[in-house]
Amino acid sequence: MAAERDWVVAIHGGAGGITRDAPPTHEVQVRAALAHALLTAGAVLDGGGEAIDAVQAAVVTMEDSPYFNAGRGAVFTADGTNELDASIMRGDDLRAGAVAGVRRIKNPILAARAVLDTSPHVLLAGVGAEQFAAHAGLSMVEPEYFRTEERWQQLERARAKSTELPLAALANPIDHKYGTVGAVALDAKGNLAAATSTGGLTNKRFGRIGDSPIIGAGTYADNASCAVSATGQGEYFIRLAVARTICAEVEFGRKSLADAAKDVIEGRLAMLGGEGGVVAIEASGSVVMVMNTPGMNRGSLARGGEPMVKLFADE
Ligand code: GLY
């Protein structure tokens, strides 16, 4: 039997203009929610669970929290609706699942997992994804479940500021905050996994799909290189296939994960005008968290350790 190895999990709760001017209660609650996500994933891994189950568990807790732009607390489209995207991927056999543009699935990451486990497909969208999730026995909710007053006010501010079409406004997102959530993990058997979930961008055009459900853009995992979950302006992450590019630089470019992530996020993404960051983990268990924004809420936990949570631009 193969020897058990140390496990590690890392998460993000979004990047952007996340600074210390946030109300203190919000800071306390975001910190607690990130720690809870880490401990939930850590319990899965400590019990011998798989990396894929750990990243799923971490993301579910953040989807259920109103303090992140995923699940409950998702941002609004320009039409005043919530449209959610999520994806999940295994590093051992490269199987992946994703849902996009869903409005009634309580936990989109569970629907993504069901696509991975029980369908021959990788990405289901809209009503078809919702029908699939309902048939899989997942919790379905009325669209109002996702609404929070804070996100509604964010939309109102965006509408008041934006004199252009919502799509054009995406080049200069209101508030510069991307509260997408994600997790990457290495389990005791040496397998990697990644998961990402989001409500997208405030004031986005309805029907717009970001990077989070796109395997290779917002999410990627391959035991041969690394696991990556991204947060930021999805259009840029899709164009650069950010998650897969980082893994490819590790696998084929023989770069360290830290160098590969910096090259893509601080180099190529920034040069293109894109904002955001990633959390990533490699087979050795090294965790990398890189952003080109003023802040990124993030954390990690390794076997035998305490949750390490960092908000804003904390070192
Ligand atoms: N990164 C989330 C989005 O652009 O939808």
# chains A, B, ... in the order shown; residues from 1 in each chain; ligands from 1
>>> residues_around(residues="Ala195 (chain A)", least_positions_apart="5", cutoff="9 Å", atoms="only C-alpha atoms", output="PyMOL selection string")
chain A and resi 52+55-56+58-59+86-89+109+181-184+212+218-221+228-229
>>> write_last_selection(atoms="N, CA, C and O atoms", output="short mmCIF file (atom, residue, chain, number, x, y, z; two decimals), in the first residue's frame")
data_model
loop_
_atom_site.label_atom_id
_atom_site.label_comp_id
_atom_site.auth_asym_id
_atom_site.auth_seq_id
_atom_site.Cartn_x
_atom_site.Cartn_y
_atom_site.Cartn_z
N ILE A 52 -11.00 15.98 -4.35
CA ILE A 52 -12.20 16.47 -5.05
C ILE A 52 -13.33 16.73 -4.06
O ILE A 52 -14.09 17.70 -4.18
N VAL A 55 -12.37 20.05 -1.96
CA VAL A 55 -12.59 21.35 -2.62
C VAL A 55 -14.08 21.62 -2.76
O VAL A 55 -14.55 22.76 -2.61
N GLN A 56 -14.84 20.57 -3.02
CA GLN A 56 -16.30 20.72 -3.11
C GLN A 56 -16.86 21.21 -1.77
O GLN A 56 -17.66 22.14 -1.72
N ALA A 58 -15.37 22.79 0.68
CA ALA A 58 -14.97 24.18 0.97
C ALA A 58 -15.84 25.15 0.19
O ALA A 58 -16.32 26.16 0.74
N VAL A 59 -16.07 24.86 -1.07
CA VAL A 59 -16.84 25.79 -1.91
C VAL A 59 -18.30 25.84 -1.48
O VAL A 59 -18.92 26.91 -1.48
N ALA A 86 -20.14 27.55 -12.13
CA ALA A 86 -19.23 26.78 -11.25
C ALA A 86 -18.59 25.64 -12.04
O ALA A 86 -19.15 25.16 -13.03
N SER A 87 -17.42 25.22 -11.56
CA SER A 87 -16.77 24.06 -12.17
C SER A 87 -15.90 23.34 -11.15
O SER A 87 -15.50 23.93 -10.12
N ILE A 88 -15.59 22.09 -11.46
CA ILE A 88 -14.77 21.27 -10.56
C ILE A 88 -14.00 20.27 -11.42
O ILE A 88 -14.49 19.83 -12.46
N MET A 89 -12.77 19.94 -10.99
CA MET A 89 -11.94 19.05 -11.81
C MET A 89 -11.05 18.17 -10.94
O MET A 89 -10.52 18.62 -9.92
N ILE A 109 -21.87 24.30 -7.27
CA ILE A 109 -20.70 23.42 -7.30
C ILE A 109 -21.14 21.95 -7.19
O ILE A 109 -20.48 21.05 -7.75
N VAL A 181 -15.39 32.50 -5.46
CA VAL A 181 -14.73 31.62 -4.49
C VAL A 181 -14.11 30.43 -5.20
O VAL A 181 -14.55 30.04 -6.29
N GLY A 182 -13.10 29.85 -4.56
CA GLY A 182 -12.47 28.67 -5.16
C GLY A 182 -11.60 27.94 -4.16
O GLY A 182 -11.25 28.48 -3.10
N ALA A 183 -11.26 26.71 -4.52
CA ALA A 183 -10.41 25.89 -3.65
C ALA A 183 -9.56 24.95 -4.49
O ALA A 183 -9.98 24.52 -5.57
N VAL A 184 -8.38 24.67 -3.98
CA VAL A 184 -7.50 23.65 -4.57
C VAL A 184 -7.02 22.78 -3.43
O VAL A 184 -6.88 23.25 -2.30
N SER A 212 -15.18 31.12 -14.68
CA SER A 212 -15.28 30.13 -13.60
C SER A 212 -15.78 28.76 -14.04
O SER A 212 -15.33 27.74 -13.51
N GLY A 218 -10.83 29.26 -15.58
CA GLY A 218 -10.96 29.54 -14.15
C GLY A 218 -10.60 28.38 -13.25
O GLY A 218 -10.36 28.58 -12.05
N THR A 219 -10.55 27.19 -13.81
CA THR A 219 -10.31 25.98 -13.03
C THR A 219 -9.48 24.99 -13.83
O THR A 219 -9.75 24.79 -15.02
N TYR A 220 -8.49 24.37 -13.20
CA TYR A 220 -7.79 23.26 -13.85
C TYR A 220 -7.08 22.44 -12.79
O TYR A 220 -6.60 22.98 -11.78
N ALA A 221 -7.00 21.14 -13.01
CA ALA A 221 -6.26 20.26 -12.10
C ALA A 221 -5.69 19.09 -12.88
O ALA A 221 -6.39 18.46 -13.67
N VAL A 228 -5.41 24.70 -10.05
CA VAL A 228 -5.54 26.17 -10.03
C VAL A 228 -7.01 26.56 -9.96
O VAL A 228 -7.84 25.98 -10.67
N SER A 229 -7.32 27.55 -9.12
CA SER A 229 -8.65 28.20 -9.14
C SER A 229 -8.42 29.70 -9.23
O SER A 229 -7.60 30.26 -8.51
#
>>> closest_atom_pairs(of="chain A", to="ligand 1", cutoff="8 Å", atoms="only C-alpha atoms and all ligand atoms", output="Markdown table")
| residue | atom | partner | partner_atom_place_in_ligand_line | distance |
| --- | --- | --- | --- | --- |
| A:Asp85 | CA | ligand 1 | 5 (O) | 7.4 |
| A:Tyr178 | CA | ligand 1 | 2 (C) | 6.6 |
| A:Gly179 | CA | ligand 1 | 2 (C) | 7.9 |
| A:Thr180 | CA | ligand 1 | 2 (C) | 5.8 |
| A:Thr198 | CA | ligand 1 | 2 (C) | 5.9 |
| A:Gly199 | CA | ligand 1 | 5 (O) | 6.5 |
| A:Gly200 | CA | ligand 1 | 5 (O) | 3.3 |
| A:Leu201 | CA | ligand 1 | 5 (O) | 5.5 |
| A:Ile209 | CA | ligand 1 | 5 (O) | 6.5 |
| A:Gly210 | CA | ligand 1 | 5 (O) | 3.7 |
| A:Asp211 | CA | ligand 1 | 3 (C) | 5.4 |
| A:Ser212 | CA | ligand 1 | 2 (C) | 5.5 |
| A:Gly218 | CA | ligand 1 | 1 (N) | 6.9 |
| A:Ala230 | CA | ligand 1 | 1 (N) | 6.7 |
| A:Thr231 | CA | ligand 1 | 1 (N) | 4.5 |
| A:Gly232 | CA | ligand 1 | 1 (N) | 4.3 |
| A:Gln233 | CA | ligand 1 | 4 (O) | 4.3 |
| A:Gly234 | CA | ligand 1 | 4 (O) | 3.1 |
| A:Glu235 | CA | ligand 1 | 4 (O) | 6.3 |
| A:Phe237 | CA | ligand 1 | 1 (N) | 7.5 |
| A:Gly276 | CA | ligand 1 | 1 (N) | 7.9 |
>>> residues_around(residues="Thr245 (chain A)", least_positions_apart="4", cutoff="8 Å", atoms="only C-alpha atoms", output="list in words")
Gly216, Leu240, Ala241, Glu249 and Val264 of chain A
>>> atom_distance(atom1="CA of Phe68 (chain A)", atom2="CA of Gly295 (chain A)")
14.6 Å
>>> residues_around(residues="Glu83 (chain A)", least_positions_apart="4", cutoff="9 Å", atoms="only C-alpha atoms", output="PyMOL selection string")
chain A and resi 74-77+100-104+126+198-200+206-209
>>> closest_residue(among="A:Leu311, A:Val127, A:Val99, A:Met140", to="Gly16 (chain A)", atoms="only C-alpha atoms")
A:Leu311
>>> closest_residue(among="A:Ala158, A:Ile105, A:Val8, A:Ala111", to="Gly80 (chain A)", atoms="only C-alpha atoms")
A:Ala158
>>> select_by_dssp(residues="region 4-250 of chain A", states="strand (DSSP E or B)", output="ChimeraX atom specification")
/A:8-16,77,84-90,96-102,105,123-125,140,177-178,181-186,192-198,204,215,219-221,226-232
>>> write_last_selection(atoms="C-alpha atoms", output="PDB file, in the first residue's frame")
ATOM      1  CA  VAL A   8      -3.033  20.637   1.933  1.00  0.00           C
ATOM      2  CA  VAL A   9      -5.981  22.832   0.947  1.00  0.00           C
ATOM      3  CA  ALA A  10      -5.975  26.469  -0.215  1.00  0.00           C
ATOM      4  CA  ILE A  11      -8.954  28.721  -0.922  1.00  0.00           C
ATOM      5  CA  HIS A  12      -9.828  32.184  -2.184  1.00  0.00           C
ATOM      6  CA  GLY A  13     -12.837  34.387  -1.575  1.00  0.00           C
ATOM      7  CA  GLY A  14     -12.206  36.809  -4.378  1.00  0.00           C
ATOM      8  CA  ALA A  15      -9.719  39.431  -5.496  1.00  0.00           C
ATOM      9  CA  GLY A  16      -9.905  43.068  -6.471  1.00  0.00           C
ATOM     10  CA  THR A  77     -26.873  41.020 -13.767  1.00  0.00           C
ATOM     11  CA  LEU A  84     -24.311  31.472 -11.372  1.00  0.00           C
ATOM     12  CA  ASP A  85     -21.344  29.570 -12.820  1.00  0.00           C
ATOM     13  CA  ALA A  86     -19.235  26.784 -11.255  1.00  0.00           C
ATOM     14  CA  SER A  87     -16.772  24.055 -12.168  1.00  0.00           C
ATOM     15  CA  ILE A  88     -14.771  21.267 -10.564  1.00  0.00           C
ATOM     16  CA  MET A  89     -11.938  19.049 -11.813  1.00  0.00           C
ATOM     17  CA  ARG A  90      -9.988  15.962 -10.699  1.00  0.00           C
ATOM     18  CA  ALA A  96     -14.365  17.670 -14.977  1.00  0.00           C
ATOM     19  CA  GLY A  97     -17.866  19.063 -14.563  1.00  0.00           C
ATOM     20  CA  ALA A  98     -19.346  22.544 -14.842  1.00  0.00           C
ATOM     21  CA  VAL A  99     -22.596  24.492 -14.940  1.00  0.00           C
ATOM     22  CA  ALA A 100     -23.143  27.981 -16.339  1.00  0.00           C
ATOM     23  CA  GLY A 101     -25.852  30.624 -16.202  1.00  0.00           C
ATOM     24  CA  VAL A 102     -27.986  28.811 -13.634  1.00  0.00           C
ATOM     25  CA  ILE A 105     -29.577  25.583  -8.146  1.00  0.00           C
ATOM     26  CA  LEU A 123     -20.437  21.744 -19.197  1.00  0.00           C
ATOM     27  CA  LEU A 124     -24.208  22.158 -18.952  1.00  0.00           C
ATOM     28  CA  ALA A 125     -25.851  25.595 -19.152  1.00  0.00           C
ATOM     29  CA  MET A 140     -33.465  23.833  -5.974  1.00  0.00           C
ATOM     30  CA  LYS A 177     -14.220  43.541  -6.561  1.00  0.00           C
ATOM     31  CA  TYR A 178     -14.444  39.958  -7.717  1.00  0.00           C
ATOM     32  CA  VAL A 181     -14.731  31.624  -4.486  1.00  0.00           C
ATOM     33  CA  GLY A 182     -12.465  28.675  -5.156  1.00  0.00           C
ATOM     34  CA  ALA A 183     -10.412  25.892  -3.652  1.00  0.00           C
ATOM     35  CA  VAL A 184      -7.502  23.654  -4.573  1.00  0.00           C
ATOM     36  CA  ALA A 185      -6.340  20.614  -2.634  1.00  0.00           C
ATOM     37  CA  LEU A 186      -3.790  17.816  -2.476  1.00  0.00           C
ATOM     38  CA  LEU A 192      -4.996  17.157  -6.840  1.00  0.00           C
ATOM     39  CA  ALA A 193      -8.370  18.848  -7.427  1.00  0.00           C
ATOM     40  CA  ALA A 194      -9.735  22.336  -8.055  1.00  0.00           C
ATOM     41  CA  ALA A 195     -13.162  23.984  -7.813  1.00  0.00           C
ATOM     42  CA  THR A 196     -14.509  27.486  -8.514  1.00  0.00           C
ATOM     43  CA  SER A 197     -17.941  29.113  -8.107  1.00  0.00           C
ATOM     44  CA  THR A 198     -19.204  32.616  -8.867  1.00  0.00           C
ATOM     45  CA  LYS A 204     -23.021  41.848 -16.496  1.00  0.00           C
ATOM     46  CA  ILE A 215     -12.169  24.284 -17.633  1.00  0.00           C
ATOM     47  CA  THR A 219     -10.310  25.977 -13.026  1.00  0.00           C
ATOM     48  CA  TYR A 220      -7.787  23.263 -13.849  1.00  0.00           C
ATOM     49  CA  ALA A 221      -6.261  20.256 -12.098  1.00  0.00           C
ATOM     50  CA  CYS A 226      -0.842  21.547 -10.497  1.00  0.00           C
ATOM     51  CA  ALA A 227      -4.372  22.577  -9.512  1.00  0.00           C
ATOM     52  CA  VAL A 228      -5.537  26.167 -10.033  1.00  0.00           C
ATOM     53  CA  SER A 229      -8.645  28.198  -9.142  1.00  0.00           C
ATOM     54  CA  ALA A 230      -8.952  31.768 -10.406  1.00  0.00           C
ATOM     55  CA  THR A 231     -10.797  34.956  -9.509  1.00  0.00           C
ATOM     56  CA  GLY A 232     -10.995  38.146 -11.511  1.00  0.00           C
TER      57      GLY A 232
END
>>> select_by_dssp(residues="region 247-288 of chain A", states="helix (DSSP H, G or I)", output="ChimeraX atom specification")
/A:247-251,257-272
>>> closest_residue(among="A:Pro66, A:Pro120, A:Gly267, A:Gly190", to="Val30 (chain A)", atoms="only C-alpha atoms")
A:Pro66
>>> atom_distance(atom1="CA of Ala78 (chain A)", atom2="CA of Lys161 (chain A)")
12.6 Å
>>> residues_around(residues="Lys310 (chain A)", least_positions_apart="6", cutoff="6 Å", atoms="only C-alpha atoms", output="PyMOL selection string")
chain A and resi 297-299
>>> write_last_selection(atoms="C-alpha atoms", output="PDB file, in the first residue's frame")
ATOM      1  CA  ASN A 297      -9.062  37.144   0.430  1.00  0.00           C
ATOM      2  CA  ARG A 298      -7.448  33.737   0.783  1.00  0.00           C
ATOM      3  CA  GLY A 299      -6.276  31.002   3.121  1.00  0.00           C
TER       4      GLY A 299
END
>>> atom_distance(atom1="CA of Ala302 (chain A)", atom2="CA of Gly42 (chain A)")
7.6 Å
>>> residues_around(residues="Val288 (chain A)", least_positions_apart="5", cutoff="9 Å", atoms="only C-alpha atoms", output="compact mmCIF listing (two decimals) with C-alpha atoms, in the first residue's frame")
# COMPACT_ATOMS: atom_id res chain seq x y z
CA ALA A 10 -5.97 26.47 -0.21
CA LEU A 257 4.59 26.84 -9.77
CA ALA A 258 5.43 30.22 -8.20
CA ALA A 261 1.71 31.79 -11.65
CA VAL A 278 -5.20 32.54 -8.43
CA VAL A 279 -4.65 30.02 -5.68
CA ALA A 280 -2.68 27.00 -6.86
CA ILE A 281 -1.09 23.89 -5.45
CA GLU A 282 1.36 21.38 -6.88
>>> residues_around(residues="Gly274 (chain A)", least_positions_apart="3", cutoff="7 Å", atoms="only C-alpha atoms", output="list in words")
Gln233, Tyr236, Leu269 and Ala270 of chain A
>>> write_last_selection(atoms="N, CA, C and O atoms", output="PDB file, in the first residue's frame")
ATOM      1  N   GLN A 233     -11.473  39.230 -13.601  1.00  0.00           N
ATOM      2  CA  GLN A 233     -12.271  39.567 -14.785  1.00  0.00           C
ATOM      3  C   GLN A 233     -12.241  38.410 -15.774  1.00  0.00           C
ATOM      4  O   GLN A 233     -11.271  38.224 -16.509  1.00  0.00           O
ATOM      5  N   TYR A 236     -10.745  38.103 -19.500  1.00  0.00           N
ATOM      6  CA  TYR A 236      -9.285  38.014 -19.685  1.00  0.00           C
ATOM      7  C   TYR A 236      -8.762  36.627 -19.340  1.00  0.00           C
ATOM      8  O   TYR A 236      -7.840  36.124 -19.977  1.00  0.00           O
ATOM      9  N   LEU A 269      -1.392  38.464 -17.881  1.00  0.00           N
ATOM     10  CA  LEU A 269      -2.740  38.967 -17.581  1.00  0.00           C
ATOM     11  C   LEU A 269      -2.707  40.488 -17.403  1.00  0.00           C
ATOM     12  O   LEU A 269      -3.542  41.216 -17.955  1.00  0.00           O
ATOM     13  N   ALA A 270      -1.731  40.975 -16.646  1.00  0.00           N
ATOM     14  CA  ALA A 270      -1.627  42.413 -16.407  1.00  0.00           C
ATOM     15  C   ALA A 270      -1.366  43.154 -17.722  1.00  0.00           C
ATOM     16  O   ALA A 270      -1.946  44.219 -17.970  1.00  0.00           O
TER      17      ALA A 270
END
